[in-house]
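First comes the structure, then the notes that go with it.
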Amino acid sequence: MSALTTRQADRRQGSARQSQLVLALACLGSFSVIIDATIVSVTLPDLRADLGFTPATLPWAVNAYTLAFAGGLLFGGRCADVFGRRRILLAGLGIFTVARVAAGFADSPAFLLSARAVQGLGGALLMPVTLSMLTAAFVEPAARARALAIWSAVGAAGAAAGPVLGGLLTQVAGWRWVFFVIAPLGVIGMIGAMVVLPPRDTAVVRPRLDILGAVLVTAGITGVVLAIMRSAAAGLDDPAVYVAMLAGVALITVFGVHQAFWSVEPLVPLSIFRLRSVTSANIVIFLLGVGFLGSPVLLSLYMQDVYGYSPLLAGVGYLPSGVAMICGSRSAGWLTVRWGPRRAAMLCCVIGGIGFAGTAAGIALDAPYFRSVLVAGMIFGFGTAAAFTPLTVAATDGVPPERNGLAAGVLNTVRQTSGAVGLAALSAVALNAGYATAFAVCAACLVAAGVVARILMPRK
């Protein structure tokens with residue numbers, strides 16, 4: 001009996017160790033993807049000077065990555081279910097790393113933009129599979145909430161470190177090292193995937209990949225996000241905005257019909273949206289993303305335009321908000337376990353709304369950095385970052401294991417699309433009505449997210 005107990009304890013210890021290794025691997029992948037979304041923005045002046053970007057093409061050094069990333073997330077999430085997490089993690093890390101190094105060697109705008117687009121596709125494979133790995137490895141609700149809190153905190157650290165690290169590298173070593181410096185993480189992640197993850201997943205029969213559905217939804221989401229991005233730069237009067245938006249909406253509509261009636265094995269089975277926790281959490285995440293995900297760029301522009309900060313100093317100025325985001329993400333696991341996803345999401349969204357309201361008030365009163373950015377930024381950083389963990393728990397709750405990747409893809413697609421919508425809308429508001437009004441809109445979105453969480457999310 002004693003020997004049996006010992007073997008059971010050894011198995012539990014080995015399973016716990018394996019879960020922690022999976023968590024570390026997922027965090028490494030998430031950190032690589034998220035830091036890349038923020039680290040490049042401060043290099044734009046140097047890219048323009050060295051490669052000859054025009055003012056019209058320069059923003060695409062960021063947008064090419066974002067567009068490919070947003071368009072491919074649903075496809076990437078489903079690939080994790082069809083081909084297995086190990087294969088897709090290796091593929092995503094490989095594509096992402098090679099494209100990143102290639103971008104560092106770019107000698108023309110066309111080469112850099114092509115490398116950035118390929119890198120976005122690698123990130124679209126990589127990001128959903130990191131979340132799918134966690135939902136598969138951590139089945140017990142409290143353990144899953146804690147793991148997702150750590151995963152979110154690492155992502156927040158990447159978002160906070162990006163502008164500071166990018167500014168420092170650009171100033172000290174040159175913009176090319178912004179692309180080279182993260183590449184070793186990809187190699188480490190690929191070695192870790194081969195060691196930690198099993199060669200084959202446990203599923204006996206794999207579903208087929210809905211190629212037509214993948215093409216339709218990827219093209220449709222790309223069209224919508226492209227229209228949103230272009231509207232921020234060219235305005236709503238640009239005919240190209242309407243063409244891209246109408247084409248994107250039409251393709252997404254055809255995709256929905258295809259999933260409901262034509263596809264034998266749909267890319268996105270519509271039955272997943274019958275789960276109230278999944279649907280409600282994604283609605284709240286959309287509102288949260290609109291209000292929050294564009295705010296780091298907006299705050300950086302405010303510090304440079306109004307306070308006269310350099311890009312590096314603006315990155316340092318945002319750092320306290322980033323630290324608060326890490327603290328919020330780490331606290332979110334405990335809040336989710338103790339209060340449940342619904343109440344935790346509602347509370348955190350309200351805290352974020354209070355912080356944004358403080359930022360709006362400070363800017364309207366021409367308050368100094370300490371009052372308008374530092375204190376209020378830490379409040380909204382803590383609340384908004386903490387809100388993502390209970391919402392992620394809810395958005396993956398009750399999903400069958402064979403559709404974990406799909407749920408992760410849906411969640412990340414909603415999050416990324418909401419960020420593009422928010423950045424375009426907030427940029428337009430800031431341009432026409434001022435920064436104070438833009439941050440007041442952020443506050444309204446966060447309060448609305450809290451109200452919707454209160455009404456729609458299940459009490460469980």
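Labels used: A, B, ... for chains in the order of the structure tokens, numbers from 1 for residues in each chain, and numbers from 1 for ligands as shown.
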Per residue of range 18-128 of chain A within 12 Å of range 151-160 of chain A, which atom pair is closest and at what distance in Å (one decimal), using only C-alpha atoms, listed by chain and increasing number, as JSON lines?
{"residue": "A:Gln20", "atom": "CA", "partner": "A:Trp151", "partner_atom": "CA", "distance": 11.5}
{"residue": "A:Val22", "atom": "CA", "partner": "A:Trp151", "partner_atom": "CA", "distance": 10.9}
{"residue": "A:Leu23", "atom": "CA", "partner": "A:Trp151", "partner_atom": "CA", "distance": 7.5}
{"residue": "A:Ala24", "atom": "CA", "partner": "A:Trp151", "partner_atom": "CA", "distance": 8.6}
{"residue": "A:Leu25", "atom": "CA", "partner": "A:Trp151", "partner_atom": "CA", "distance": 10.0}
{"residue": "A:Ala26", "atom": "CA", "partner": "A:Trp151", "partner_atom": "CA", "distance": 7.3}
{"residue": "A:Cys27", "atom": "CA", "partner": "A:Trp151", "partner_atom": "CA", "distance": 5.3}
{"residue": "A:Leu28", "atom": "CA", "partner": "A:Val154", "partner_atom": "CA", "distance": 8.2}
{"residue": "A:Gly29", "atom": "CA", "partner": "A:Gly155", "partner_atom": "CA", "distance": 9.4}
{"residue": "A:Ser30", "atom": "CA", "partner": "A:Gly155", "partner_atom": "CA", "distance": 6.0}
{"residue": "A:Phe31", "atom": "CA", "partner": "A:Gly155", "partner_atom": "CA", "distance": 5.1}
{"residue": "A:Ser32", "atom": "CA", "partner": "A:Gly158", "partner_atom": "CA", "distance": 7.5}
{"residue": "A:Val33", "atom": "CA", "partner": "A:Gly158", "partner_atom": "CA", "distance": 8.4}
{"residue": "A:Ile34", "atom": "CA", "partner": "A:Gly158", "partner_atom": "CA", "distance": 5.7}
{"residue": "A:Ile35", "atom": "CA", "partner": "A:Gly158", "partner_atom": "CA", "distance": 4.4}
{"residue": "A:Asp36", "atom": "CA", "partner": "A:Gly158", "partner_atom": "CA", "distance": 8.2}
{"residue": "A:Ala37", "atom": "CA", "partner": "A:Ala159", "partner_atom": "CA", "distance": 7.6}
{"residue": "A:Thr38", "atom": "CA", "partner": "A:Ala159", "partner_atom": "CA", "distance": 6.1}
{"residue": "A:Ile39", "atom": "CA", "partner": "A:Ala159", "partner_atom": "CA", "distance": 8.1}
{"residue": "A:Val40", "atom": "CA", "partner": "A:Ala159", "partner_atom": "CA", "distance": 11.3}
{"residue": "A:Ser41", "atom": "CA", "partner": "A:Ala159", "partner_atom": "CA", "distance": 11.7}
{"residue": "A:Met127", "atom": "CA", "partner": "A:Gly155", "partner_atom": "CA", "distance": 10.7}
Just C-alpha atoms for this one: save the residues we selected as a PDB file, in the first residue's frame.
ATOM      1  CA  GLN A  20       4.588  23.970 -15.213  1.00  0.00           C
ATOM      2  CA  VAL A  22       3.862  23.767 -20.534  1.00  0.00           C
ATOM      3  CA  LEU A  23       3.039  27.027 -18.753  1.00  0.00           C
ATOM      4  CA  ALA A  24       6.618  28.283 -19.201  1.00  0.00           C
ATOM      5  CA  LEU A  25       6.538  27.368 -22.893  1.00  0.00           C
ATOM      6  CA  ALA A  26       3.180  29.087 -23.422  1.00  0.00           C
ATOM      7  CA  CYS A  27       4.413  32.220 -21.650  1.00  0.00           C
ATOM      8  CA  LEU A  28       7.530  32.335 -23.814  1.00  0.00           C
ATOM      9  CA  GLY A  29       5.436  32.174 -26.988  1.00  0.00           C
ATOM     10  CA  SER A  30       2.980  34.787 -25.758  1.00  0.00           C
ATOM     11  CA  PHE A  31       5.765  37.144 -24.671  1.00  0.00           C
ATOM     12  CA  SER A  32       7.441  36.915 -28.090  1.00  0.00           C
ATOM     13  CA  VAL A  33       4.241  37.768 -29.958  1.00  0.00           C
ATOM     14  CA  ILE A  34       3.081  40.602 -27.693  1.00  0.00           C
ATOM     15  CA  ILE A  35       6.416  42.384 -27.338  1.00  0.00           C
ATOM     16  CA  ASP A  36       6.679  42.458 -31.120  1.00  0.00           C
ATOM     17  CA  ALA A  37       3.445  44.440 -31.329  1.00  0.00           C
ATOM     18  CA  THR A  38       4.962  47.291 -29.278  1.00  0.00           C
ATOM     19  CA  ILE A  39       8.734  47.186 -29.700  1.00  0.00           C
ATOM     20  CA  VAL A  40       8.796  48.302 -33.351  1.00  0.00           C
ATOM     21  CA  SER A  41       6.725  51.485 -33.025  1.00  0.00           C
ATOM     22  CA  MET A 127      -0.751  32.936 -30.115  1.00  0.00           C
TER      23      MET A 127
END
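Take the candidates A:Leu293, A:Val178, A:Ala137, A:Ile150 and check each one against Ala102 in chain A using only C-alpha atoms; the shortest distance goes to A:Val178.
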### Query
Of the candidates A:Met194, A:Val429, A:Ala149, A:Ala361, which one gets nearest to Ala332 in chain A if we count only C-alpha atoms?
A:Ala149
### Message
One decimal, in Å: what's the spacing between CA of Leu131 in chain A and CA of Ser329 in chain A?
### Response
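Interatomic distance, CA of Leu131 in chain A to CA of Ser329 in chain A: 15.2 Å.
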#### Entry: Distance query Leu411 in chain A at most 10 Å, only C-alpha atoms, self and fewer than 5 positions along chain excluded, as a list of chain:residue names
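Contacts, with the query itself left out: A:Leu73, A:Leu74, A:Gly77, A:Pro128, A:Leu131, A:Val278, A:Thr279, A:Ala281, A:Asn282, A:Ile283, A:Ile285, A:Phe286, A:Leu391, A:Thr392, A:Ala395, A:Thr396, A:Gly405, A:Leu406, A:Gln416.
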Dump C-alpha atoms for the selected residues as a PDB file, in the first residue's frame?
ATOM      1  CA  LEU A  73      -5.915  34.008 -35.855  1.00  0.00           C
ATOM      2  CA  LEU A  74      -9.033  31.901 -36.444  1.00  0.00           C
ATOM      3  CA  GLY A  77      -6.490  28.362 -33.691  1.00  0.00           C
ATOM      4  CA  PRO A 128      -3.871  30.688 -30.119  1.00  0.00           C
ATOM      5  CA  LEU A 131      -3.715  29.493 -24.883  1.00  0.00           C
ATOM      6  CA  VAL A 278     -18.150  31.991 -24.484  1.00  0.00           C
ATOM      7  CA  THR A 279     -20.460  34.465 -26.229  1.00  0.00           C
ATOM      8  CA  ALA A 281     -17.101  36.915 -22.518  1.00  0.00           C
ATOM      9  CA  ASN A 282     -16.194  37.713 -26.120  1.00  0.00           C
ATOM     10  CA  ILE A 283     -18.689  40.594 -26.196  1.00  0.00           C
ATOM     11  CA  ILE A 285     -13.619  41.515 -24.378  1.00  0.00           C
ATOM     12  CA  PHE A 286     -14.567  43.468 -27.511  1.00  0.00           C
ATOM     13  CA  LEU A 391     -12.816  36.871 -19.310  1.00  0.00           C
ATOM     14  CA  THR A 392     -10.350  34.368 -20.786  1.00  0.00           C
ATOM     15  CA  ALA A 395     -14.379  32.406 -22.981  1.00  0.00           C
ATOM     16  CA  THR A 396     -12.848  28.920 -22.759  1.00  0.00           C
ATOM     17  CA  GLY A 405      -7.669  25.909 -30.271  1.00  0.00           C
ATOM     18  CA  LEU A 406     -10.837  27.211 -31.905  1.00  0.00           C
ATOM     19  CA  GLN A 416      -7.128  41.913 -31.968  1.00  0.00           C
TER      20      GLN A 416
END
Where does DSSP see alpha helix (DSSP H) in range 174-285 of chain A, if you list the residues as an mmCIF file with C-alpha atoms, in the first residue's frame?
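Dumped everything to out.cif:
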data_model
loop_
_atom_site.group_PDB
_atom_site.id
_atom_site.type_symbol
_atom_site.label_atom_id
_atom_site.label_comp_id
_atom_site.auth_asym_id
_atom_site.auth_seq_id
_atom_site.Cartn_x
_atom_site.Cartn_y
_atom_site.Cartn_z
ATOM 1 C CA ARG A 176 18.067 46.205 -36.702
ATOM 2 C CA TRP A 177 18.716 44.889 -33.193
ATOM 3 C CA VAL A 178 15.053 45.447 -32.359
ATOM 4 C CA PHE A 179 14.398 42.478 -34.649
ATOM 5 C CA PHE A 180 17.466 40.416 -33.759
ATOM 6 C CA ALA A 183 15.105 35.782 -32.107
ATOM 7 C CA PRO A 184 16.938 33.529 -29.561
ATOM 8 C CA LEU A 185 13.643 33.112 -27.673
ATOM 9 C CA GLY A 186 12.203 31.424 -30.748
ATOM 10 C CA VAL A 187 15.044 28.907 -30.862
ATOM 11 C CA ILE A 188 14.691 28.199 -27.138
ATOM 12 C CA GLY A 189 10.926 27.770 -27.584
ATOM 13 C CA MET A 190 11.353 25.281 -30.450
ATOM 14 C CA ILE A 191 13.767 23.177 -28.410
ATOM 15 C CA GLY A 192 11.373 23.338 -25.458
ATOM 16 C CA ALA A 193 8.417 22.267 -27.629
ATOM 17 C CA MET A 194 10.281 19.188 -28.854
ATOM 18 C CA VAL A 195 11.231 18.227 -25.287
ATOM 19 C CA VAL A 196 8.059 19.125 -23.356
ATOM 20 C CA ILE A 211 -9.848 25.293 -46.362
ATOM 21 C CA LEU A 212 -12.617 27.315 -48.030
ATOM 22 C CA GLY A 213 -13.828 28.558 -44.655
ATOM 23 C CA ALA A 214 -10.262 29.501 -43.692
ATOM 24 C CA VAL A 215 -9.796 31.517 -46.893
ATOM 25 C CA LEU A 216 -13.160 33.284 -46.504
ATOM 26 C CA VAL A 217 -12.747 34.279 -42.852
ATOM 27 C CA THR A 218 -9.080 35.267 -43.205
ATOM 28 C CA ALA A 219 -9.821 37.458 -46.227
ATOM 29 C CA GLY A 220 -12.940 38.899 -44.574
ATOM 30 C CA ILE A 221 -11.262 39.833 -41.300
ATOM 31 C CA THR A 222 -8.285 41.234 -43.214
ATOM 32 C CA GLY A 223 -10.636 43.458 -45.238
ATOM 33 C CA VAL A 224 -12.426 44.787 -42.152
ATOM 34 C CA VAL A 225 -9.197 45.459 -40.229
ATOM 35 C CA LEU A 226 -7.630 47.066 -43.319
ATOM 36 C CA ALA A 227 -10.610 49.407 -43.646
ATOM 37 C CA ILE A 228 -10.361 50.379 -39.983
ATOM 38 C CA MET A 229 -6.620 51.042 -40.252
ATOM 39 C CA ARG A 230 -7.007 53.089 -43.427
ATOM 40 C CA SER A 231 -9.836 55.138 -41.936
ATOM 41 C CA ALA A 232 -7.516 56.248 -39.129
ATOM 42 C CA ALA A 233 -5.026 57.650 -41.646
ATOM 43 C CA ALA A 234 -7.176 58.744 -44.609
ATOM 44 C CA PRO A 239 -13.472 55.342 -51.084
ATOM 45 C CA ALA A 240 -10.899 52.623 -50.349
ATOM 46 C CA VAL A 241 -12.233 52.441 -46.780
ATOM 47 C CA TYR A 242 -15.741 51.623 -48.006
ATOM 48 C CA VAL A 243 -14.503 49.127 -50.595
ATOM 49 C CA ALA A 244 -12.377 47.231 -48.060
ATOM 50 C CA MET A 245 -15.120 47.280 -45.412
ATOM 51 C CA LEU A 246 -17.884 46.125 -47.775
ATOM 52 C CA ALA A 247 -15.683 43.387 -49.204
ATOM 53 C CA GLY A 248 -14.704 42.221 -45.727
ATOM 54 C CA VAL A 249 -18.284 42.176 -44.418
ATOM 55 C CA ALA A 250 -19.485 40.344 -47.552
ATOM 56 C CA LEU A 251 -16.808 37.667 -47.195
ATOM 57 C CA ILE A 252 -17.564 37.203 -43.488
ATOM 58 C CA THR A 253 -21.281 36.868 -44.326
ATOM 59 C CA VAL A 254 -20.528 34.200 -46.932
ATOM 60 C CA PHE A 255 -18.293 32.503 -44.379
ATOM 61 C CA GLY A 256 -21.180 32.389 -41.882
ATOM 62 C CA VAL A 257 -23.492 30.822 -44.470
ATOM 63 C CA ARG A 276 -23.350 31.586 -22.843
ATOM 64 C CA SER A 277 -19.985 31.984 -21.140
ATOM 65 C CA VAL A 278 -18.150 31.991 -24.484
ATOM 66 C CA THR A 279 -20.460 34.465 -26.229
ATOM 67 C CA SER A 280 -20.818 36.892 -23.331
ATOM 68 C CA ALA A 281 -17.101 36.915 -22.518
ATOM 69 C CA ASN A 282 -16.194 37.713 -26.120
ATOM 70 C CA ILE A 283 -18.689 40.594 -26.196
ATOM 71 C CA VAL A 284 -17.146 42.037 -23.020
ATOM 72 C CA ILE A 285 -13.619 41.515 -24.378
#
### Query
Do you know which residues are at most 12 Å from Gly358 in chain A counting only C-alpha atoms, after dropping those on the same chain fewer than 6 positions away, and could you put them as a list in words?
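Contacts, with the query itself left out: Ile351, Gly352, Ala364, Leu365, Ala367, Phe370, Arg371, Ser372, Val373, Leu374, Val375, Ala376, Gly377, Met378, Ile379, Phe380, Ala436, Thr437, Phe439, Ala440, Cys442 and Ala443 of chain A.
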#### Entry: Selected residue, from A:Val421, A:Ala117, A:Ala103, A:Val42, that lies nearest to Leu287 in chain A when counting only C-alpha atoms
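Of A:Val421, A:Ala117, A:Ala103, A:Val42, the one nearest Leu287 in chain A, counting only C-alpha atoms, is A:Val421.
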### Query
Just how far from CA of Leu209 in chain A is CA of Val82 in chain A, in Å to one decimal?
6.6 Å
### Task
Measure the distance from CA of Gly381 in chain A to CA of Val323 in chain A in Å and round it to one decimal.
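Going from CA of Gly381 in chain A over to CA of Val323 in chain A, I get 8.0 Å.
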### Minimum-distance residue to Ser331 in chain A, chosen among A:Leu58, A:Ala344, A:Val414, A:Ala110 (using only C-alpha atoms)
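Closest to Ser331 in chain A of all the choices is A:Ala344.
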